[in-house]
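Structure record follows, encoded as structure tokens.
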Amino acid sequence: MWAFTIHAPLDARFEQAPTPKPAPQEALVRVHSAAICGTDLEIYQGNMVYFTSGAAHYPVIPGHEWSGEVVQVGSDVHSLHIGDRVVGECTIPCGQCVYCRRGWYNLCANRRETGILNMNGGFAEFVVMPSPFLHHIGELPYDEASMVETTAIAVYAVHQAQVTPGDRVAVLGTGPVGLQAVQAAKAYGARQVVAIGGRPSRRKLAEQYGADVALAADILDFTEQIRRLTDGQCFDAVIEATGNPAVTRKFPLLARPHGRIVMTGLFGGKIGELDLDWLVTSNVILQGSLGSPNVWDETINLMACGKIRSSDLITHRYPLAQAKQALQFMASRPPDLIKMLLTP
Ligand SMILES: [Zn+2]
Ligand SMILES: [Zn+2]
């Protein structure tokens with residue numbers, strides 16, 4: 001098969017690779033669409049933490065955000081058939097450790113991660129996956145389905161934040177996860193969703209996606225405005241999706257006493273500042289949110305019924321054969337780029 005293989009930092013080639021064969025509990029999927037993530041760029045540039053720490057190894061075929069069609073199933077697979085339209089999860093857990101047994105398989109110590117950690121991914125004609133981690137997408141178009149992984153991260157964060165119809169929710173960041181979190185919070189019935197940050201075009205998109213209002217990040221310097229915006233209450237839930245450590249200083253301004261702050265952004269090792277006395281005396285819950293366990297079918301349903309949209313997030317497309325050019329383009333940080341798709 002044709003595949004985009006990263007052999008070492010900045011050494012990647014579009015070349016022939018062996019087509020994987022499904023084991024008895026696996027399925028072989030023909031990839032129809034694959035989205036590029038910042039993680040893929042980090043793997044290409046050589047600064048992704050699993051690779052620098054020695055946990056993950058080159059060569060690797062990247063790509064953990066993809067959709068496709070089942071073309072072969074192993075002898076023990078009963079839930080999938082040839083021709084099924086599917087997406088695959090990024091985290092492939094061991095199923096046996098203490099975390100897996102409690103349903104927290106995003107934390108499995110023995111996990112593989114598609115296209116990242118000890119497993120090839122979807123920047124290829126075919127990818128092989130254990131069948132329990134493939135999900136039917138019904139009629140959802142393949143391009144939108146390649147956004148399910150990103151969307152599931154936002155849906156999981158909204159679960160972690162326990163958003164209910166009484167809640168006022170702030171979403172920090174208007175990247176792909178932030179924009180999907182705005183929609184997920186609305187889908188869960190949040191009474192008010194305020195998106196904070198990003199360029200004007202992103203804020204406009206956040207409002208199109210259901211934010212009651214989207215404000216530039218400098219609102220974080222104006223306590224009174226935040227209070228007025230929330231009837232003096234501040235927010236019940238805050239979803240952090242910027243990865244910018246400067247925002248942690250602003251948490252006391254945003255979260256009400258007994259509020260919940262859920263953090264999805266990674267800070268690249270940078271340390272934020274947080275007022276610990278405020279955290280204690282306000283009974284605030286600060287929660288990390290890794291990956292997207294147990295929310296995939298729900299996410300697909302929310303996308304299929306239009307409660308979470310994603311087609312506007314797809315701003316650029318490249319053929320898979322030009323994956324290297326696509327990564328180089330992404331590295332130049334073009335302002336209008338939200339998500340880029342590769343088509344095999
Ligand atoms: Zn990703
Ligand atoms: Zn495990």
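If you're wondering about the labels, chains in the structure tokens are A, B, ... by order shown, residues count from 1 in each chain, ligands from 1 in order shown.
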
- Message: So that I can check the secondary structure, give me every residue of stretch 108-173 of chain A assigned helix (DSSP H, G or I) by backbone DSSP, as a list in words.
- Response: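 Filtering stretch 108-173 of chain A down to helix (DSSP H, G or I) leaves Ser131, Pro132, Phe133, Tyr142, Asp143, Glu144, Ala145, Val148, Glu149, Thr150, Thr151, Ala152, Ile153, Ala154, Val155, Tyr156, Ala157, Val158, His159 and Gln160 of chain A.
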
- Item | Spatial neighbours of A:Leu179, 8 Å, only C-alpha atoms, chain gap at least 6 places, as a ChimeraX atom specification | /A:173,205-206,209

Those residues you just picked out, can you put them in a file as an mmCIF file, in the first residue's frame with all heavy atoms?
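Output file selection_38.cif is given in full below:
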data_model
loop_
_atom_site.group_PDB
_atom_site.id
_atom_site.type_symbol
_atom_site.label_atom_id
_atom_site.label_comp_id
_atom_site.auth_asym_id
_atom_site.auth_seq_id
_atom_site.Cartn_x
_atom_site.Cartn_y
_atom_site.Cartn_z
ATOM 1 N N GLY A 173 -10.493 29.433 24.298
ATOM 2 C CA GLY A 173 -9.837 28.912 23.102
ATOM 3 C C GLY A 173 -10.840 28.617 22.006
ATOM 4 O O GLY A 173 -11.904 28.062 22.265
ATOM 5 N N LEU A 205 -17.179 32.297 14.034
ATOM 6 C CA LEU A 205 -17.552 30.884 13.862
ATOM 7 C C LEU A 205 -18.104 30.321 15.173
ATOM 8 O O LEU A 205 -19.086 29.571 15.174
ATOM 9 C CB LEU A 205 -16.320 30.094 13.390
ATOM 10 C CG LEU A 205 -16.540 28.656 12.924
ATOM 11 C CD1 LEU A 205 -17.638 28.556 11.872
ATOM 12 C CD2 LEU A 205 -15.234 28.083 12.373
ATOM 13 N N ALA A 206 -17.490 30.719 16.302
ATOM 14 C CA ALA A 206 -17.989 30.244 17.604
ATOM 15 C C ALA A 206 -19.442 30.682 17.796
ATOM 16 O O ALA A 206 -20.274 29.917 18.298
ATOM 17 C CB ALA A 206 -17.112 30.781 18.740
ATOM 18 N N TYR A 209 -21.672 28.697 15.751
ATOM 19 C CA TYR A 209 -21.784 27.363 16.337
ATOM 20 C C TYR A 209 -22.532 27.370 17.669
ATOM 21 O O TYR A 209 -22.526 26.402 18.397
ATOM 22 C CB TYR A 209 -20.394 26.755 16.520
ATOM 23 C CG TYR A 209 -19.840 26.066 15.280
ATOM 24 C CD1 TYR A 209 -18.542 25.568 15.269
ATOM 25 C CD2 TYR A 209 -20.610 25.883 14.140
ATOM 26 C CE1 TYR A 209 -18.027 24.916 14.149
ATOM 27 C CE2 TYR A 209 -20.103 25.238 13.020
ATOM 28 C CZ TYR A 209 -18.818 24.759 13.033
ATOM 29 O OH TYR A 209 -18.308 24.107 11.938
#

Please identify every residue of chain A that has at least one atom no farther than 12 Å from an atom of ligand 2, counting only C-alpha atoms and all ligand atoms, and for each give the shortest atom pair and the distance in Å to one decimal, arranged by chain then increasing number, as a Markdown table.
| residue | atom | partner | partner_atom_place_in_ligand_line | distance |
| --- | --- | --- | --- | --- |
| A:Thr91 | CA | ligand 2 | 1 (Zn) | 10.3 |
| A:Ile92 | CA | ligand 2 | 1 (Zn) | 8.7 |
| A:Pro93 | CA | ligand 2 | 1 (Zn) | 4.9 |
| A:Cys94 | CA | ligand 2 | 1 (Zn) | 4.0 |
| A:Gly95 | CA | ligand 2 | 1 (Zn) | 4.7 |
| A:Gln96 | CA | ligand 2 | 1 (Zn) | 5.1 |
| A:Cys97 | CA | ligand 2 | 1 (Zn) | 4.0 |
| A:Val98 | CA | ligand 2 | 1 (Zn) | 6.7 |
| A:Tyr99 | CA | ligand 2 | 1 (Zn) | 5.8 |
| A:Cys100 | CA | ligand 2 | 1 (Zn) | 4.4 |
| A:Arg101 | CA | ligand 2 | 1 (Zn) | 7.4 |
| A:Arg102 | CA | ligand 2 | 1 (Zn) | 9.5 |
| A:Gly103 | CA | ligand 2 | 1 (Zn) | 9.3 |
| A:Trp104 | CA | ligand 2 | 1 (Zn) | 8.4 |
| A:Tyr105 | CA | ligand 2 | 1 (Zn) | 6.0 |
| A:Asn106 | CA | ligand 2 | 1 (Zn) | 8.5 |
| A:Leu107 | CA | ligand 2 | 1 (Zn) | 7.4 |
| A:Cys108 | CA | ligand 2 | 1 (Zn) | 3.8 |
| A:Ala109 | CA | ligand 2 | 1 (Zn) | 5.8 |
| A:Asn110 | CA | ligand 2 | 1 (Zn) | 5.4 |
| A:Arg111 | CA | ligand 2 | 1 (Zn) | 6.1 |
| A:Arg112 | CA | ligand 2 | 1 (Zn) | 9.6 |

Print the selection's residues with N, CA, C and O atoms to a file, as a PDB file, in the first residue's frame.
ATOM      1  N   THR A  91      -6.889   5.853  21.210  1.00  0.00           N
ATOM      2  CA  THR A  91      -6.318   5.047  22.295  1.00  0.00           C
ATOM      3  C   THR A  91      -6.751   3.595  22.175  1.00  0.00           C
ATOM      4  O   THR A  91      -7.946   3.303  22.141  1.00  0.00           O
ATOM      5  N   ILE A  92      -5.793   2.690  22.115  1.00  0.00           N
ATOM      6  CA  ILE A  92      -6.088   1.258  22.091  1.00  0.00           C
ATOM      7  C   ILE A  92      -5.520   0.663  23.383  1.00  0.00           C
ATOM      8  O   ILE A  92      -4.306   0.476  23.515  1.00  0.00           O
ATOM      9  N   PRO A  93      -6.383   0.408  24.364  1.00  0.00           N
ATOM     10  CA  PRO A  93      -5.907  -0.006  25.688  1.00  0.00           C
ATOM     11  C   PRO A  93      -5.684  -1.516  25.783  1.00  0.00           C
ATOM     12  O   PRO A  93      -6.091  -2.265  24.896  1.00  0.00           O
ATOM     13  N   CYS A  94      -5.097  -1.934  26.905  1.00  0.00           N
ATOM     14  CA  CYS A  94      -4.821  -3.371  27.082  1.00  0.00           C
ATOM     15  C   CYS A  94      -6.058  -4.143  27.503  1.00  0.00           C
ATOM     16  O   CYS A  94      -6.154  -5.345  27.279  1.00  0.00           O
ATOM     17  N   GLY A  95      -7.028  -3.451  28.146  1.00  0.00           N
ATOM     18  CA  GLY A  95      -8.254  -4.127  28.566  1.00  0.00           C
ATOM     19  C   GLY A  95      -8.105  -4.915  29.854  1.00  0.00           C
ATOM     20  O   GLY A  95      -9.081  -5.502  30.335  1.00  0.00           O
ATOM     21  N   GLN A  96      -6.917  -4.960  30.441  1.00  0.00           N
ATOM     22  CA  GLN A  96      -6.688  -5.828  31.595  1.00  0.00           C
ATOM     23  C   GLN A  96      -6.210  -5.096  32.843  1.00  0.00           C
ATOM     24  O   GLN A  96      -6.348  -5.620  33.944  1.00  0.00           O
ATOM     25  N   CYS A  97      -5.621  -3.912  32.678  1.00  0.00           N
ATOM     26  CA  CYS A  97      -5.022  -3.250  33.844  1.00  0.00           C
ATOM     27  C   CYS A  97      -6.119  -2.638  34.720  1.00  0.00           C
ATOM     28  O   CYS A  97      -7.295  -2.601  34.363  1.00  0.00           O
ATOM     29  N   VAL A  98      -5.722  -2.121  35.853  1.00  0.00           N
ATOM     30  CA  VAL A  98      -6.691  -1.604  36.824  1.00  0.00           C
ATOM     31  C   VAL A  98      -7.479  -0.419  36.243  1.00  0.00           C
ATOM     32  O   VAL A  98      -8.660  -0.252  36.519  1.00  0.00           O
ATOM     33  N   TYR A  99      -6.841   0.389  35.403  1.00  0.00           N
ATOM     34  CA  TYR A  99      -7.546   1.536  34.808  1.00  0.00           C
ATOM     35  C   TYR A  99      -8.548   1.063  33.762  1.00  0.00           C
ATOM     36  O   TYR A  99      -9.684   1.539  33.706  1.00  0.00           O
ATOM     37  N   CYS A 100      -8.117   0.126  32.918  1.00  0.00           N
ATOM     38  CA  CYS A 100      -9.038  -0.411  31.917  1.00  0.00           C
ATOM     39  C   CYS A 100     -10.255  -1.024  32.592  1.00  0.00           C
ATOM     40  O   CYS A 100     -11.393  -0.836  32.151  1.00  0.00           O
ATOM     41  N   ARG A 101     -10.033  -1.749  33.687  1.00  0.00           N
ATOM     42  CA  ARG A 101     -11.136  -2.451  34.340  1.00  0.00           C
ATOM     43  C   ARG A 101     -12.116  -1.492  34.988  1.00  0.00           C
ATOM     44  O   ARG A 101     -13.259  -1.846  35.281  1.00  0.00           O
ATOM     45  N   ARG A 102     -11.694  -0.248  35.227  1.00  0.00           N
ATOM     46  CA  ARG A 102     -12.615   0.754  35.778  1.00  0.00           C
ATOM     47  C   ARG A 102     -13.209   1.637  34.686  1.00  0.00           C
ATOM     48  O   ARG A 102     -13.903   2.600  34.989  1.00  0.00           O
ATOM     49  N   GLY A 103     -12.905   1.329  33.432  1.00  0.00           N
ATOM     50  CA  GLY A 103     -13.466   2.103  32.330  1.00  0.00           C
ATOM     51  C   GLY A 103     -12.651   3.330  31.971  1.00  0.00           C
ATOM     52  O   GLY A 103     -13.037   4.102  31.099  1.00  0.00           O
ATOM     53  N   TRP A 104     -11.515   3.532  32.641  1.00  0.00           N
ATOM     54  CA  TRP A 104     -10.674   4.713  32.384  1.00  0.00           C
ATOM     55  C   TRP A 104      -9.574   4.337  31.401  1.00  0.00           C
ATOM     56  O   TRP A 104      -8.389   4.512  31.684  1.00  0.00           O
ATOM     57  N   TYR A 105      -9.968   3.810  30.269  1.00  0.00           N
ATOM     58  CA  TYR A 105      -8.956   3.218  29.387  1.00  0.00           C
ATOM     59  C   TYR A 105      -8.073   4.256  28.717  1.00  0.00           C
ATOM     60  O   TYR A 105      -7.037   3.916  28.151  1.00  0.00           O
ATOM     61  N   ASN A 106      -8.455   5.556  28.803  1.00  0.00           N
ATOM     62  CA  ASN A 106      -7.555   6.618  28.332  1.00  0.00           C
ATOM     63  C   ASN A 106      -6.277   6.671  29.165  1.00  0.00           C
ATOM     64  O   ASN A 106      -5.267   7.222  28.747  1.00  0.00           O
ATOM     65  N   LEU A 107      -6.334   6.088  30.383  1.00  0.00           N
ATOM     66  CA  LEU A 107      -5.186   6.130  31.290  1.00  0.00           C
ATOM     67  C   LEU A 107      -4.426   4.810  31.329  1.00  0.00           C
ATOM     68  O   LEU A 107      -3.502   4.644  32.131  1.00  0.00           O
ATOM     69  N   CYS A 108      -4.806   3.854  30.484  1.00  0.00           N
ATOM     70  CA  CYS A 108      -4.156   2.539  30.474  1.00  0.00           C
ATOM     71  C   CYS A 108      -2.641   2.704  30.334  1.00  0.00           C
ATOM     72  O   CYS A 108      -2.155   3.366  29.420  1.00  0.00           O
ATOM     73  N   ALA A 109      -1.914   2.081  31.250  1.00  0.00           N
ATOM     74  CA  ALA A 109      -0.453   2.206  31.232  1.00  0.00           C
ATOM     75  C   ALA A 109       0.161   1.432  30.068  1.00  0.00           C
ATOM     76  O   ALA A 109       1.287   1.710  29.663  1.00  0.00           O
ATOM     77  N   ASN A 110      -0.567   0.475  29.527  1.00  0.00           N
ATOM     78  CA  ASN A 110      -0.031  -0.356  28.443  1.00  0.00           C
ATOM     79  C   ASN A 110      -0.665   0.004  27.104  1.00  0.00           C
ATOM     80  O   ASN A 110      -0.651  -0.804  26.190  1.00  0.00           O
ATOM     81  N   ARG A 111      -1.256   1.206  27.037  1.00  0.00           N
ATOM     82  CA  ARG A 111      -2.009   1.535  25.833  1.00  0.00           C
ATOM     83  C   ARG A 111      -1.103   1.770  24.626  1.00  0.00           C
ATOM     84  O   ARG A 111       0.063   2.160  24.765  1.00  0.00           O
ATOM     85  N   ARG A 112      -1.695   1.529  23.451  1.00  0.00           N
ATOM     86  CA  ARG A 112      -1.096   1.997  22.206  1.00  0.00           C
ATOM     87  C   ARG A 112      -1.935   3.184  21.742  1.00  0.00           C
ATOM     88  O   ARG A 112      -3.085   3.322  22.159  1.00  0.00           O
TER      89      ARG A 112
END

Neighbours of ligand 1 within 7 Å, counting only C-alpha atoms and all ligand atoms, as a PDB file with N, CA and C atoms, in the first residue's frame?
ATOM      1  N   CYS A  37      -3.323  16.698  12.756  1.00  0.00           N
ATOM      2  CA  CYS A  37      -3.395  17.276  14.104  1.00  0.00           C
ATOM      3  C   CYS A  37      -2.029  17.872  14.433  1.00  0.00           C
ATOM      4  N   GLY A  38      -2.000  18.779  15.388  1.00  0.00           N
ATOM      5  CA  GLY A  38      -0.733  19.337  15.840  1.00  0.00           C
ATOM      6  C   GLY A  38       0.238  18.261  16.296  1.00  0.00           C
ATOM      7  N   THR A  39      -0.298  17.171  16.835  1.00  0.00           N
ATOM      8  CA  THR A  39       0.548  16.057  17.273  1.00  0.00           C
ATOM      9  C   THR A  39       1.313  15.456  16.096  1.00  0.00           C
ATOM     10  N   HIS A  64      -4.164   9.936  13.570  1.00  0.00           N
ATOM     11  CA  HIS A  64      -5.094   9.330  14.526  1.00  0.00           C
ATOM     12  C   HIS A  64      -6.502   9.896  14.368  1.00  0.00           C
ATOM     13  N   GLU A  65      -6.721  10.696  13.306  1.00  0.00           N
ATOM     14  CA  GLU A  65      -8.045  11.291  13.084  1.00  0.00           C
ATOM     15  C   GLU A  65      -8.442  10.932  11.656  1.00  0.00           C
ATOM     16  N   THR A 150     -11.427  14.638  17.234  1.00  0.00           N
ATOM     17  CA  THR A 150     -11.313  15.962  17.867  1.00  0.00           C
ATOM     18  C   THR A 150     -12.588  16.307  18.633  1.00  0.00           C
TER      19      THR A 150
END

At most 8 Å is the cut-off: for each residue in stretch 122-217 of chain A with any atom that close to an atom of stretch 257-273 of chain A, write down the nearest atom pair and the distance in Å rounded to one decimal, counting only C-alpha atoms, chain first then increasing number, as a tab-separated table.
residue	atom	partner	partner_atom	distance
A:Ile153	CA	A:Thr264	CA	7.9
A:Ala157	CA	A:Val262	CA	6.4
A:Gln160	CA	A:Val262	CA	6.8
A:Ala161	CA	A:Arg260	CA	5.9

Output file for the residues above (N, CA, C and O atoms, as a tab-separated table (two decimals), in the first residue's frame):
chain	number	residue	atom	x	y	z
A	153	ILE	N	-13.04	14.59	21.98
A	153	ILE	CA	-12.26	15.21	23.07
A	153	ILE	C	-13.07	16.32	23.72
A	153	ILE	O	-13.12	16.44	24.95
A	157	ALA	N	-14.73	16.40	27.51
A	157	ALA	CA	-14.49	17.53	28.43
A	157	ALA	C	-15.80	18.05	29.00
A	157	ALA	O	-15.89	18.39	30.19
A	160	GLN	N	-16.85	15.75	31.63
A	160	GLN	CA	-16.04	15.95	32.84
A	160	GLN	C	-16.52	17.18	33.60
A	160	GLN	O	-16.48	17.23	34.82
A	161	ALA	N	-16.97	18.20	32.84
A	161	ALA	CA	-17.45	19.45	33.45
A	161	ALA	C	-18.88	19.31	33.98
A	161	ALA	O	-19.39	20.24	34.59

- Task: Pick out each residue of stretch 2-170 of chain A that DSSP on the backbone tags as strand (DSSP E); I need them as a ChimeraX atom specification.
- Result: /A:2-8,11-16,26-36,66-73,85-88,91-92,112-113,126-130,134-136,168-170

Put those residues in a file: C-alpha atoms, as a compact mmCIF listing (two decimals), in the first residue's frame.
# COMPACT_ATOMS: atom_id res chain seq x y z
CA TRP A 2 0.99 3.65 -0.25
CA ALA A 3 1.75 5.26 3.08
CA PHE A 4 3.31 8.40 4.53
CA THR A 5 6.01 7.10 6.86
CA ILE A 6 8.05 9.27 9.23
CA HIS A 7 11.47 7.57 9.58
CA ALA A 8 13.09 10.19 11.83
CA ASP A 11 12.68 12.55 7.38
CA ALA A 12 9.31 11.49 5.99
CA ARG A 13 8.45 9.77 2.71
CA PHE A 14 5.39 8.85 0.73
CA GLU A 15 6.29 5.30 -0.23
CA GLN A 16 5.22 1.68 -0.41
CA GLU A 26 -9.09 -6.87 14.05
CA ALA A 27 -10.45 -5.29 10.89
CA LEU A 28 -8.66 -3.79 7.91
CA VAL A 29 -10.01 -0.38 6.92
CA ARG A 30 -9.48 1.54 3.67
CA VAL A 31 -8.88 5.16 4.74
CA HIS A 32 -11.11 7.69 2.97
CA SER A 33 -10.18 10.84 4.85
CA ALA A 34 -7.58 11.77 7.49
CA ALA A 35 -7.24 15.03 9.40
CA ILE A 36 -3.86 16.42 10.44
CA TRP A 66 -9.43 9.35 10.14
CA SER A 67 -12.46 7.60 8.68
CA GLY A 68 -12.86 4.76 6.24
CA GLU A 69 -14.52 1.61 5.02
CA VAL A 70 -14.04 -1.94 6.33
CA VAL A 71 -12.49 -4.13 3.62
CA GLN A 72 -11.52 -7.24 5.60
CA VAL A 73 -12.42 -8.64 9.03
CA ARG A 85 -18.33 2.94 7.24
CA VAL A 86 -16.29 3.54 10.40
CA VAL A 87 -14.00 5.72 12.49
CA GLY A 88 -11.35 4.37 14.86
CA THR A 91 -6.32 5.05 22.29
CA ILE A 92 -6.09 1.26 22.09
CA ARG A 112 -1.10 2.00 22.21
CA GLU A 113 -2.14 5.13 20.36
CA PHE A 126 -5.15 1.05 4.86
CA VAL A 127 -5.09 0.86 8.64
CA VAL A 128 -5.71 -2.15 10.87
CA MET A 129 -7.64 -1.76 14.15
CA PRO A 130 -9.04 -3.96 16.95
CA LEU A 134 -14.06 0.96 15.48
CA HIS A 135 -17.41 2.76 15.44
CA HIS A 136 -20.10 2.87 12.76
CA ARG A 168 -23.17 29.04 32.39
CA VAL A 169 -20.10 27.77 30.58
CA ALA A 170 -16.94 29.57 29.45

- Task: Pick out the closest residue to A:Ser310 from this set: A:Leu80, A:Ile338, A:Val247, A:Ala216. Count only C-alpha atoms.
- Result: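 Between A:Leu80, A:Ile338, A:Val247, A:Ala216, the residue approaching A:Ser310 most closely is A:Ile338.
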
- Task: Considering only C-alpha atoms, state which residue in the set A:Ser282, A:Pro22, A:Gly115, A:Ser146 is at the smallest distance from A:Val60.
- Result: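 Of all the options, A:Gly115 lies closest to A:Val60.
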
- Item | Exercise: A:Ala195 partners within 12 Å, only C-alpha atoms, chain neighbours under 6 positions left out, as a PyMOL selection string | chain A and resi 168-175+177-183+185-186+202-217+219-220+235+238-242

- Considering only C-alpha atoms, return as a list in words whatever protein or nucleic-acid residues lie within 12 Å of A:Arg249, sequence-local ones (same chain, fewer than 4 positions apart) excluded.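 With the cut-off at 12 Å, the set is Leu220, Asp221, Asn244, Pro245, Leu253, Leu254, Ala255, Ile271, Gly272, Glu273, Leu274, Asp275, Leu276, Trp278 and Leu279 of chain A.
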
Residue subset to file, keeping all heavy atoms, as a short mmCIF file (atom, residue, chain, number, x, y, z; two decimals), in the first residue's frame:
data_model
loop_
_atom_site.label_atom_id
_atom_site.label_comp_id
_atom_site.auth_asym_id
_atom_site.auth_seq_id
_atom_site.Cartn_x
_atom_site.Cartn_y
_atom_site.Cartn_z
N LEU A 220 -10.47 38.97 29.78
CA LEU A 220 -9.97 38.38 31.02
C LEU A 220 -9.31 39.42 31.92
O LEU A 220 -8.96 39.13 33.05
CB LEU A 220 -8.98 37.26 30.69
CG LEU A 220 -9.59 36.08 29.92
CD1 LEU A 220 -8.52 35.09 29.50
CD2 LEU A 220 -10.65 35.37 30.77
N ASP A 221 -9.13 40.63 31.42
CA ASP A 221 -8.57 41.70 32.25
C ASP A 221 -9.67 42.54 32.92
O ASP A 221 -9.37 43.47 33.65
CB ASP A 221 -7.67 42.62 31.40
CG ASP A 221 -6.48 41.86 30.86
OD1 ASP A 221 -5.98 40.97 31.57
OD2 ASP A 221 -6.08 42.12 29.72
N ASN A 244 -2.39 27.67 26.90
CA ASN A 244 -1.61 28.87 27.22
C ASN A 244 -1.57 29.04 28.74
O ASN A 244 -2.59 29.32 29.35
CB ASN A 244 -2.26 30.08 26.55
CG ASN A 244 -1.55 31.38 26.90
OD1 ASN A 244 -0.59 31.38 27.70
ND2 ASN A 244 -1.99 32.47 26.31
N PRO A 245 -0.39 28.87 29.36
CA PRO A 245 -0.34 28.89 30.83
C PRO A 245 -0.79 30.21 31.44
O PRO A 245 -1.17 30.26 32.61
CB PRO A 245 1.13 28.59 31.15
CG PRO A 245 1.89 28.77 29.89
CD PRO A 245 0.93 28.60 28.76
N LEU A 253 -11.21 34.55 38.28
CA LEU A 253 -12.14 35.52 37.71
C LEU A 253 -13.31 34.80 37.04
O LEU A 253 -14.43 35.31 36.98
CB LEU A 253 -11.36 36.36 36.69
CG LEU A 253 -12.09 37.20 35.68
CD1 LEU A 253 -12.85 38.30 36.38
CD2 LEU A 253 -11.08 37.80 34.71
N LEU A 254 -13.05 33.60 36.54
CA LEU A 254 -14.02 32.93 35.68
C LEU A 254 -14.95 31.98 36.42
O LEU A 254 -16.14 31.91 36.11
CB LEU A 254 -13.28 32.16 34.58
CG LEU A 254 -12.57 33.02 33.55
CD1 LEU A 254 -11.60 32.18 32.73
CD2 LEU A 254 -13.59 33.69 32.63
N ALA A 255 -14.41 31.21 37.36
CA ALA A 255 -15.21 30.14 37.96
C ALA A 255 -15.88 30.60 39.24
O ALA A 255 -15.25 31.23 40.09
CB ALA A 255 -14.33 28.93 38.25
N ILE A 271 4.76 26.01 32.91
CA ILE A 271 4.05 26.01 34.19
C ILE A 271 3.15 27.24 34.27
O ILE A 271 3.59 28.36 33.99
CB ILE A 271 5.07 26.07 35.36
CG1 ILE A 271 6.16 25.00 35.19
CG2 ILE A 271 4.36 25.95 36.70
CD1 ILE A 271 5.72 23.59 35.41
N GLY A 272 1.91 27.03 34.66
CA GLY A 272 1.00 28.15 34.85
C GLY A 272 1.00 28.59 36.31
O GLY A 272 1.57 27.93 37.17
N GLU A 273 0.38 29.73 36.58
CA GLU A 273 0.26 30.22 37.96
C GLU A 273 -1.19 30.12 38.37
O GLU A 273 -2.08 30.55 37.65
CB GLU A 273 0.63 31.71 38.01
CG GLU A 273 2.07 31.99 38.31
CD GLU A 273 2.31 33.49 38.31
OE1 GLU A 273 1.61 34.20 39.07
OE2 GLU A 273 3.15 33.94 37.54
N LEU A 274 -1.42 29.55 39.54
CA LEU A 274 -2.79 29.41 40.01
C LEU A 274 -2.84 29.81 41.48
O LEU A 274 -1.96 29.45 42.25
CB LEU A 274 -3.23 27.95 39.83
CG LEU A 274 -4.65 27.60 40.25
CD1 LEU A 274 -5.66 28.36 39.41
CD2 LEU A 274 -4.88 26.10 40.09
N ASP A 275 -3.86 30.58 41.84
CA ASP A 275 -4.03 31.00 43.23
C ASP A 275 -4.59 29.82 44.02
O ASP A 275 -5.79 29.53 43.97
CB ASP A 275 -4.98 32.21 43.26
CG ASP A 275 -5.18 32.73 44.67
OD1 ASP A 275 -4.90 31.98 45.64
OD2 ASP A 275 -5.64 33.87 44.80
N LEU A 276 -3.74 29.15 44.77
CA LEU A 276 -4.15 27.92 45.46
C LEU A 276 -5.12 28.21 46.61
O LEU A 276 -6.01 27.41 46.88
CB LEU A 276 -2.92 27.16 45.97
CG LEU A 276 -1.98 26.66 44.85
CD1 LEU A 276 -0.76 25.99 45.46
CD2 LEU A 276 -2.69 25.70 43.92
N TRP A 278 -7.37 30.50 46.64
CA TRP A 278 -8.69 30.64 46.01
C TRP A 278 -9.29 29.29 45.68
O TRP A 278 -10.48 29.04 45.92
CB TRP A 278 -8.55 31.49 44.72
CG TRP A 278 -9.78 31.38 43.87
CD1 TRP A 278 -10.95 32.06 44.05
CD2 TRP A 278 -9.97 30.53 42.74
NE1 TRP A 278 -11.86 31.68 43.10
CE2 TRP A 278 -11.29 30.74 42.28
CE3 TRP A 278 -9.16 29.62 42.07
CZ2 TRP A 278 -11.81 30.07 41.18
CZ3 TRP A 278 -9.67 28.95 40.98
CH2 TRP A 278 -10.98 29.18 40.54
N LEU A 279 -8.44 28.38 45.18
CA LEU A 279 -8.92 27.05 44.80
C LEU A 279 -9.55 26.36 46.02
O LEU A 279 -10.64 25.80 45.96
CB LEU A 279 -7.74 26.23 44.27
CG LEU A 279 -8.05 24.93 43.56
CD1 LEU A 279 -8.69 25.19 42.21
CD2 LEU A 279 -6.77 24.11 43.37
#

- Task: Between atom CA of A:Ala154 and atom CA of A:Ala237, measure the distance and give it in Å to one decimal.
- Result: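 So the answer is 13.5 Å.
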
- Out of A:Gly138, A:Gly232, A:Pro176, A:Pro132, which residue has the shortest atom-to-atom distance to A:Thr315 when counting only C-alpha atoms? A:Pro176

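The gap separating atom CA of A:Val148 from atom CA of A:Ile300 is 6.6 Å, in Å to one decimal.
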
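Nearest-residue note for A:Pro319: choosing from A:Leu342, A:Met48, A:Val193, A:Leu140, the minimum distance belongs to A:Leu342, counting only C-alpha atoms.
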
- Item | Option closest in space to A:Pro59, from A:Pro24, A:Gly121, A:Ser75, A:Glu149 [counting only C-alpha atoms] |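 Looking only at the distances to A:Pro59, the closest residue turns out to be A:Gly121.
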
- Query: Quick one: of A:Ala124, A:Val49, A:Ile285, A:Ala55, who's nearest to A:Met1, counting only C-alpha atoms?
  - Reply: A:Ala124

- Query: How many Å lie between atom CA of A:Thr114 and atom CA of A:Ile308, rounded to one decimal?
  - Reply: 24.1 Å

- Message: Show me, as a PyMOL selection string, the residues that have an atom within 10 Å of A:Ser311 when counting only C-alpha atoms, minus same-chain residues fewer than 6 positions from it.
- Response: chain A and resi 141+143-145+147+339
